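Here is the structure we will look at.
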Amino acid sequence: MKVIPGCLLSAFFAVLFFNDVHAQVILSSIQGKVVTESHTSAESATIILLKARDSSIISSTIIGKNGKYSFDEVFPDNYLLLATSIGYNKIYAGPYHLEQDQTLKVAEIILKPSANQLKEVTITSTRPEIEVRPGKITLNIPNSLTAEGNSAFEILRQSPGVRVDNSNNISIIGRQSALITIDGKTTNLTGEDLVAYLRSIQSNVIEKIELVTSGSAKYDASSGGIINIVLRKGNNIGANGAVSATVGYGKYYKSNIGITFNDRMDKLNIFGNYNFTADKTFHNFITSRIVDFNNVISNYHVDYKGIQKTENNAFNLGTDYFITPNQTIGFIINGFSRQDDFTKDNTLKISNQGVLDSIITAESKLGRHISKINYNLNYNGKLDKAGSTLSADLNYTAFSRNSGEYITNSFYDADFNAYRNPQLLENLSPSKIKIWLSKLDFSTPLSKNSTLEAGAKFSHASSNNDLVFGPEVNGEYVPNPDLSNHFYYTENINAAYVNYQNKFNKVYLTMGLRGEQTSANGNSVTMNARIDRSYFSLFPQALLIYKKNDKNDFSLSYNRGITRPAYEEINPFLYYVDPYDYRAGNPNLSPEYSNSIELSHTYKKTITTSLYTSIISNAYDFGFYVQNDSTKVSVKTQTNLGTIYNYGIKFSAPVVFTAWWNAYFRVDASYQRYIAYPQHGNLNKGTQDIIFNSIQSFKISETITAVLSGEYESPNFYGINQNMARYRVDAGIGKQMFNKRGSLRLNVSDIFNTLQDRGSINYQNLNFTITDKVESRVARLTFSYRFGKTSVKATETHRTGNEEEIKRIGTGGGN
């Protein structure tokens with residue numbers, strides 16, 4: 001695979017060399033004013049620039065308070081103007097001939113009231129719920145009934161193309177963890193902390209979710225692709241917003257209340273949202289582990305039941321100031337504060353030769369508080385008439401986690417008689433992470449059809465993790481030095497990229513190369529051990545799109561990516577679960593690398609078929625167990641097991657059955673082969689995996705709609721785990737009211753309560769089964785109401801560059 005980066009790099013510079021880089025086109029502008037018959041400003045009207053020869057849309061903008069508009073950086077050509085506004089007749093103006101380096105000022109466009117003007121007109125969205133493009137799937141959340149009242153985490157669990165297992169691993173490419181971003185900004189979280197944050201983001205503040213499988217070299221080289229959650233943010237003049245409230249019930253209660261708002265003025269845009277969530281959930285985890293030692297067969301059967309109460313406050317506040325029509329400076333502050341209270345009940349039954357020997361119960365109360373705050377200062381500007389752009393970001397993220405658990409272990413014989421006094425344990429695991437990040441991106445057109453992009457990114461992360469664990473002795477808790485630790489970790493990542501885009505008739509080409517240099521240092525104070533690591537990697541990327549005709553598009557993409565371990569995964573702590581089960585970080589864990597190729601065909605921009613393959617080296621993104629047969633102790637950790645070869649085909653298509661019934665189908669069938677490195681055994685196993693999704697939408701009346709969706713995944717093998725089939729069915733029904741400004745929606749997730757992870761491990765000396773069931777059948781009733789101007793559209797996503805760092809913040813504890 002080392003040949004591939006060299007070939008791509010050579011091709012990149014060859015294309016760059018033969019392109020006429022000096023062919024700069026001097027661009028022009030069109031300016032004017034839109035008014036009403038009384039010659040007052042037609043504020044909030046839309047003005048659209050069209051090509052005269054085919055009426056194709058070039059650009060559009062919203063008329064401000066002064067009625068003026070300006071289309072800058074326009075290529076010389078013949079153009080039309082189209083002005084529209086609610087309650088007025090649309091009007092065309094032109095054609096206008098635009099020369100190079102010309103500022104064309106056109107006559108006023110006067111809007112006249114429509115003869116059949118309605119008292120009030122409401123514009124509803126016509127975007128489909130799911131949009132498919134080469135390398136990207138877009139989920140339009142406002143159009144989804146099953147998303148209503150749910151959090152971002154629950155929406156992802158129900159979304160086609162996304163896999164979320166009960167260990168909270170979120171993936172869109174195979175089973176590799178995806179990079180999660182919010183408006184292009186990383187969350188800096190993993191594991192339970194990432195789930196906590198995603199659950200704080202409610203559907204009422206989400207505009208869309210982008211599933212990116214073929215990213216640009218401009219963005220972090222994520223092996224598992226990118227899931228970008230775009231929040232609602234208005235771009236039109238005026239104030240608007242929405243309020244929502246949700247109540248739900250499964251095994252326990254669910255509730256949420258939230259508000260989102262936006263106020264766009266001529267030079268200033270202020271936006272934000274706030275949500276409060278109060279939930280109570282249930283989790284049941286069962287394992288049955290068999291140990292064969294000295295001709296004695298022992299069984300360690302664990303039945304864990306947990307109840308989690310959560311109260312979460314989440315907020316996002318931002319402002320954009322338009323220095324000039326071509327320059328914007330912005331500031332964003334967002335975060336959350338979350339309190340979790342757990343009640344845990346764990347029962348371990350030990351049997352020898354099929355006869356119950358003893359029982360150990362563990363009851364505990366755990367209180368955990370998590371807070372995260374992120375500050376972002378950003379600049380975006382157009383530098384010249386040719387269309388060169390510059391953007392810059394500065395980020396600071398602070399994450400804090402405080403967790404205190406008090407455990408009571410009780411010991412019984414087979415007849416449930418206590419054979420020793422209870423054992424009292426204390427488990428404290430505070431964690432603090434700070435991240436500084438800056439990035440700079442530059443783009444310039446080389447010709448009418450080609451663009452060159454370049455940029456750099458610098459990040460510094462530091463974490464301070466403490467674990468204090470020990471028994472109560474004479475009324476005081478005493479730390480156990482074998483299970484307590486203090487670990488410091490710092491990491492610097494320096495990255496730079498170059499990206500080239502061009503169009504040759506019907507062919508669109510994107511080629512890029514990204515280089516990332518990583519320097520990491522860890523220090524375990526308690527163990528007197530250090531980790532020092534430094535490495536440099538190149539990540540080429542290419543995307544070729546061939547538009548054969550109006551109905552058929554073909555694309556071919558190549559990506560090399562990296563998945564770095566989360567901060568917690570390299571933390572050398574040994575976390576206590578029960579006397580025979582532990583969890584541990586691995587300070588020697590190395591990043592995994594992937595090389596992926598995908599060939600796709602899209603018919604009528606809707607029906608997509610893709611062939612794909614990937615090779616993952618240093619694969620570690622799954623649970624691995626180390627068992628001592630003598631002591632019967634099992635430690636769950638992660639290790640660079642070996643190489644994964646993946647081959648598959650994907651197919652997706654929308655189908656319209658009738659005027660009131662349409663559907664979306666998606667099938668992903670793949671074959672994987674796992675080959676372990678010699679030091680980890682002789683694993684060489686092939687397996688298939690088939691995932692089927694379906695969404696059925698029904699229009700019952702003009703104001704009532706319903707949806708039925710489902711997913712099935714076949715039995716499969718992953719890492720060293722043999723997994724059983726997973727399946728679920730969701731449904732929802734909604735009614736619009738108050739002239740379509742309000743809605744009332746009822747949805748039920750996992751109607752038949754079938755969603756659970758079931759599997760087994762039978763590798764080397766490991767032999768056990770797992771059943772993991774989280775509360776999944778939940779009914780939710782949501783009321784939402786929009787106020788202010790309803791013509792609100794999402795602005796362009798702003799990526800601040802700290803996507804990878806936020807993804808990798810760990811839980812800092814073993815809970």
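To be explicit about the labels: the chains of the structure tokens are called A, B, and onward in the order shown, and within each one the residues are counted from 1, while ligands get numbers from 1 in the order they are shown.
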
Inset, instruction - Considering only C-alpha atoms, return as a VMD selection string whatever protein or nucleic-acid residues lie within 6 Å of range 307-319 of chain A, sequence-local ones (same chain, fewer than 2 positions apart) excluded. - result: chain A and resid 200 269 to 282 330 to 343

Legend entry - Non-local contacts of Lys432 in chain A (6 Å; only C-alpha atoms; under 2 positions in same chain excluded) as a list in words: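 Returned residues: Phe399, Ser400, Ser463 and Asn464 of chain A.
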
Please list as an mmCIF file with N, CA and C atoms, in the first residue's frame every residue within 10 Å of Asp550 in chain A, counting only C-alpha atoms and excluding residues in the same chain fewer than 6 positions away.
data_model
loop_
_atom_site.group_PDB
_atom_site.id
_atom_site.type_symbol
_atom_site.label_atom_id
_atom_site.label_comp_id
_atom_site.auth_asym_id
_atom_site.auth_seq_id
_atom_site.Cartn_x
_atom_site.Cartn_y
_atom_site.Cartn_z
ATOM 1 N N TYR A 603 -28.278 6.668 -10.102
ATOM 2 C CA TYR A 603 -29.254 6.793 -11.177
ATOM 3 C C TYR A 603 -30.320 7.808 -10.774
ATOM 4 N N LYS A 604 -30.496 8.815 -11.606
ATOM 5 C CA LYS A 604 -31.465 9.887 -11.375
ATOM 6 C C LYS A 604 -31.271 10.547 -10.010
ATOM 7 N N LYS A 605 -30.038 10.605 -9.552
ATOM 8 C CA LYS A 605 -29.646 11.251 -8.294
ATOM 9 C C LYS A 605 -30.351 10.655 -7.081
#

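The gap separating CA of Glu472 in chain A from CA of Leu424 in chain A is 5.5 Å, in Å to one decimal.
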
Inset, instruction - Quick one: pull the distance between CA of Ile751 in chain A and CA of Asp772 in chain A, Å, one decimal. - result: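 Here the two named atoms are 17.9 Å from each other.
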
Legend entry - 8 Å contact set for Arg583 in chain A, only C-alpha atoms, chain neighbours under 6 positions out, as a list in words: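 The residues satisfying every condition are Leu574, Tyr575, Tyr576, Val577, Val635, Lys636, Thr637 and Gly814 of chain A.
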
Inset, instruction - Find the residues around Ile649 in chain A up to 9 Å (only C-alpha atoms counted), leave out those fewer than 3 positions away in its own chain, and share them as a list in words. - result: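 Near neighbours after the sequence-gap exclusion: Thr609, Ser610, Leu611, Tyr612, Thr613, Val667, Asp668, Ala669 and Ser670 of chain A.
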